[in-house]
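K.L.:
Quick one: structure below, then a few questions.
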Amino acid sequence: MPEGPSVKRFQLLTAPFVGQVVAKVGGSSRQRNLKDLKAMRLQDSQASGKNLFLAFGAALEAWTMGGSPSPGPVEEEPTIQGEADRGACSLTLSQEGQEDEVSQLSPKEHSVQRKQETECSVPDAADAAGGIWKWLRFHFGLFGSIRANEFSRANKANKRGDWKDPVPRLVLNFDSGGFLVFYNCRIHWCTSPAVEPASDILSPKFHRGQALAALRQPTSICYTLLDQRYFSGLGNIIKNEILYLARIHPLSQGSLLALSDLESLLDHAVQFSTDWLHKKLSIAYYQLNGMDLDT
């Protein structure tokens with residue numbers, strides 16, 4: 001599943017849409033209350049570990065604060081074949097061709113995710129009208145992704161031999177004409193984003209002392225690295241790379257390793273994650289500007 005650097009890139013993709021009003025909601029999600037996003041304004045976008053949080057508020061809220069008034073209601077247009085190719089979203093609720101939500105979580109990751117989901121609730125519509133934001137939490141599956149102003153296309157045949165494009169879980173069309181497409185993700189309403197900078201490996205507030213203490217526990221080092229309480233955003237890819245760079249066996253007991261080895265592992269965790277994020281952003285920049293990566 002997407003790790004911290006990928007989710008941070010997803011957050012940066014959504015950032016330009018902050019302040020815009022949702023004109024139409026589509027996708028294959030069967031959550032009826034997602035339709036309530038129509039005519040709401042995207043107010044904020046945050047990333048924490050492997051989770052993306054989007055805040056929505058009443059469109060009139062920005063107008064009363066001096067912004068421009070929101071546009072009138074947008075009439076729904078019937079979905080026709082080929083509509084996606086012209087940049088509009090399909091409102092079809094069929095699950096045919098939908099990506100499987102493959103989750104490869106450790107037991108501790110499952111525990112953290114269940115805790116986050118139990119803290120999620122659906123705020124009343126009156127809350128948004130009164131100025132309180134509604135938050136959506138996105139947790140992405142193995143092939144989860146976000147596209148801005150484009151749809152994902154099939155690059156190979158599926159197991160049945162069909163060349164079917166992935167079905168988006170959620171599509172948000174905005175009044176500006178742009179749109180966001182969410183694939184292979186779990187979506188939950190939350191009262192507030194569960195952001196823990198001290199455990200986020202990409203945060204400037206990452207608590208090295210707390211992480212180092214966790215690494216010194218009498219537990220296999222590979223399991224400690226996947227504990228999102230201390231290394232939020234770190235997944236199997238980062239884990240394997242930094243253990244190789246630090247020359248540490250994955251099943252080594254943290255309590256038996258030298259402090260210098262653990263500090264080196266921690267340095268690699270932060271540096272590799274940061275470098276990976278910068279690489280992703282560089283590739284996105286070149287693709288956005290139609291530039292050749294080799295130049």
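In the structure tokens, the first chain shown is A, the next is B, and so on; residue numbers restart at 1 for each chain, and ligands run from 1 in the order shown.
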Name all residues at most 9 Å from segment 50-56 of chain A (count only C-alpha atoms; drop same-chain ones fewer than 4 positions away) and give them as a PyMOL selection string.

P.N.:
chain A and resi 1-8+10-11+14+37+40-46+128+132-140+190+192-195+228+232-235

K.L.:
Using only C-alpha atoms, tabulate the residues of segment 214-241 of chain A lying at most 8 Å from any atom of segment 253-276 of chain A, each with its closest atom pair and that distance in Å to one decimal, by chain and increasing residue number, as a Markdown table.

P.N.:
```
| residue | atom | partner | partner_atom | distance |
| --- | --- | --- | --- | --- |
| A:Leu215 | CA | A:Gly254 | CA | 5.5 |
| A:Arg216 | CA | A:Gly254 | CA | 4.6 |
| A:Gln217 | CA | A:Ser255 | CA | 5.2 |
| A:Pro218 | CA | A:Ser255 | CA | 4.8 |
| A:Thr219 | CA | A:Gln253 | CA | 5.1 |
| A:Ser220 | CA | A:Gln253 | CA | 4.6 |
| A:Ile221 | CA | A:Gly254 | CA | 5.4 |
| A:Ile238 | CA | A:Ser273 | CA | 7.0 |
| A:Lys239 | CA | A:Ala269 | CA | 7.8 |
```

K.L.:
Give me a file of those residues, with N, CA and C atoms, as a PDB file, in the first residue's frame.

P.N.:
```
ATOM      1  N   LEU A 215      12.937   1.176  19.186  1.00  0.00           N
ATOM      2  CA  LEU A 215      13.851   0.249  18.517  1.00  0.00           C
ATOM      3  C   LEU A 215      14.641  -0.597  19.504  1.00  0.00           C
ATOM      4  N   ARG A 216      14.814  -0.134  20.730  1.00  0.00           N
ATOM      5  CA  ARG A 216      15.611  -0.852  21.726  1.00  0.00           C
ATOM      6  C   ARG A 216      14.802  -1.904  22.472  1.00  0.00           C
ATOM      7  N   GLN A 217      13.558  -2.081  22.104  1.00  0.00           N
ATOM      8  CA  GLN A 217      12.721  -3.090  22.748  1.00  0.00           C
ATOM      9  C   GLN A 217      13.167  -4.497  22.340  1.00  0.00           C
ATOM     10  N   PRO A 218      12.906  -5.514  23.179  1.00  0.00           N
ATOM     11  CA  PRO A 218      13.272  -6.904  22.857  1.00  0.00           C
ATOM     12  C   PRO A 218      12.309  -7.518  21.842  1.00  0.00           C
ATOM     13  N   THR A 219      12.253  -6.906  20.677  1.00  0.00           N
ATOM     14  CA  THR A 219      11.360  -7.338  19.598  1.00  0.00           C
ATOM     15  C   THR A 219      12.142  -7.333  18.296  1.00  0.00           C
ATOM     16  N   SER A 220      11.767  -8.222  17.385  1.00  0.00           N
ATOM     17  CA  SER A 220      12.421  -8.230  16.075  1.00  0.00           C
ATOM     18  C   SER A 220      12.316  -6.845  15.459  1.00  0.00           C
ATOM     19  N   ILE A 221      13.433  -6.349  14.970  1.00  0.00           N
ATOM     20  CA  ILE A 221      13.514  -4.964  14.510  1.00  0.00           C
ATOM     21  C   ILE A 221      12.559  -4.677  13.354  1.00  0.00           C
ATOM     22  N   ILE A 238      10.128   0.869   2.620  1.00  0.00           N
ATOM     23  CA  ILE A 238      11.113   1.632   3.391  1.00  0.00           C
ATOM     24  C   ILE A 238      11.833   0.721   4.376  1.00  0.00           C
ATOM     25  N   LYS A 239      11.083  -0.153   5.031  1.00  0.00           N
ATOM     26  CA  LYS A 239      11.686  -1.077   6.009  1.00  0.00           C
ATOM     27  C   LYS A 239      12.793  -1.905   5.377  1.00  0.00           C
TER      28      LYS A 239
END
```

K.L.:
So how many Å separate atom CA of Pro166 of chain A and atom CA of Arg30 of chain A, to one decimal?

P.N.:
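These atoms are spaced 16.5 Å apart.
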
K.L.:
Which residues come within 10 Å of Leu34 of chain A, counting only C-alpha atoms, excluding same-chain residues fewer than 3 positions away, as a PyMOL selection string?

P.N.:
chain A and resi 25-27+29-31+37-38+136+170+187-189

K.L.:
Quick one, how far is atom CA of Leu243 of chain A from atom CA of Leu281 of chain A?

P.N.:
24.3 Å
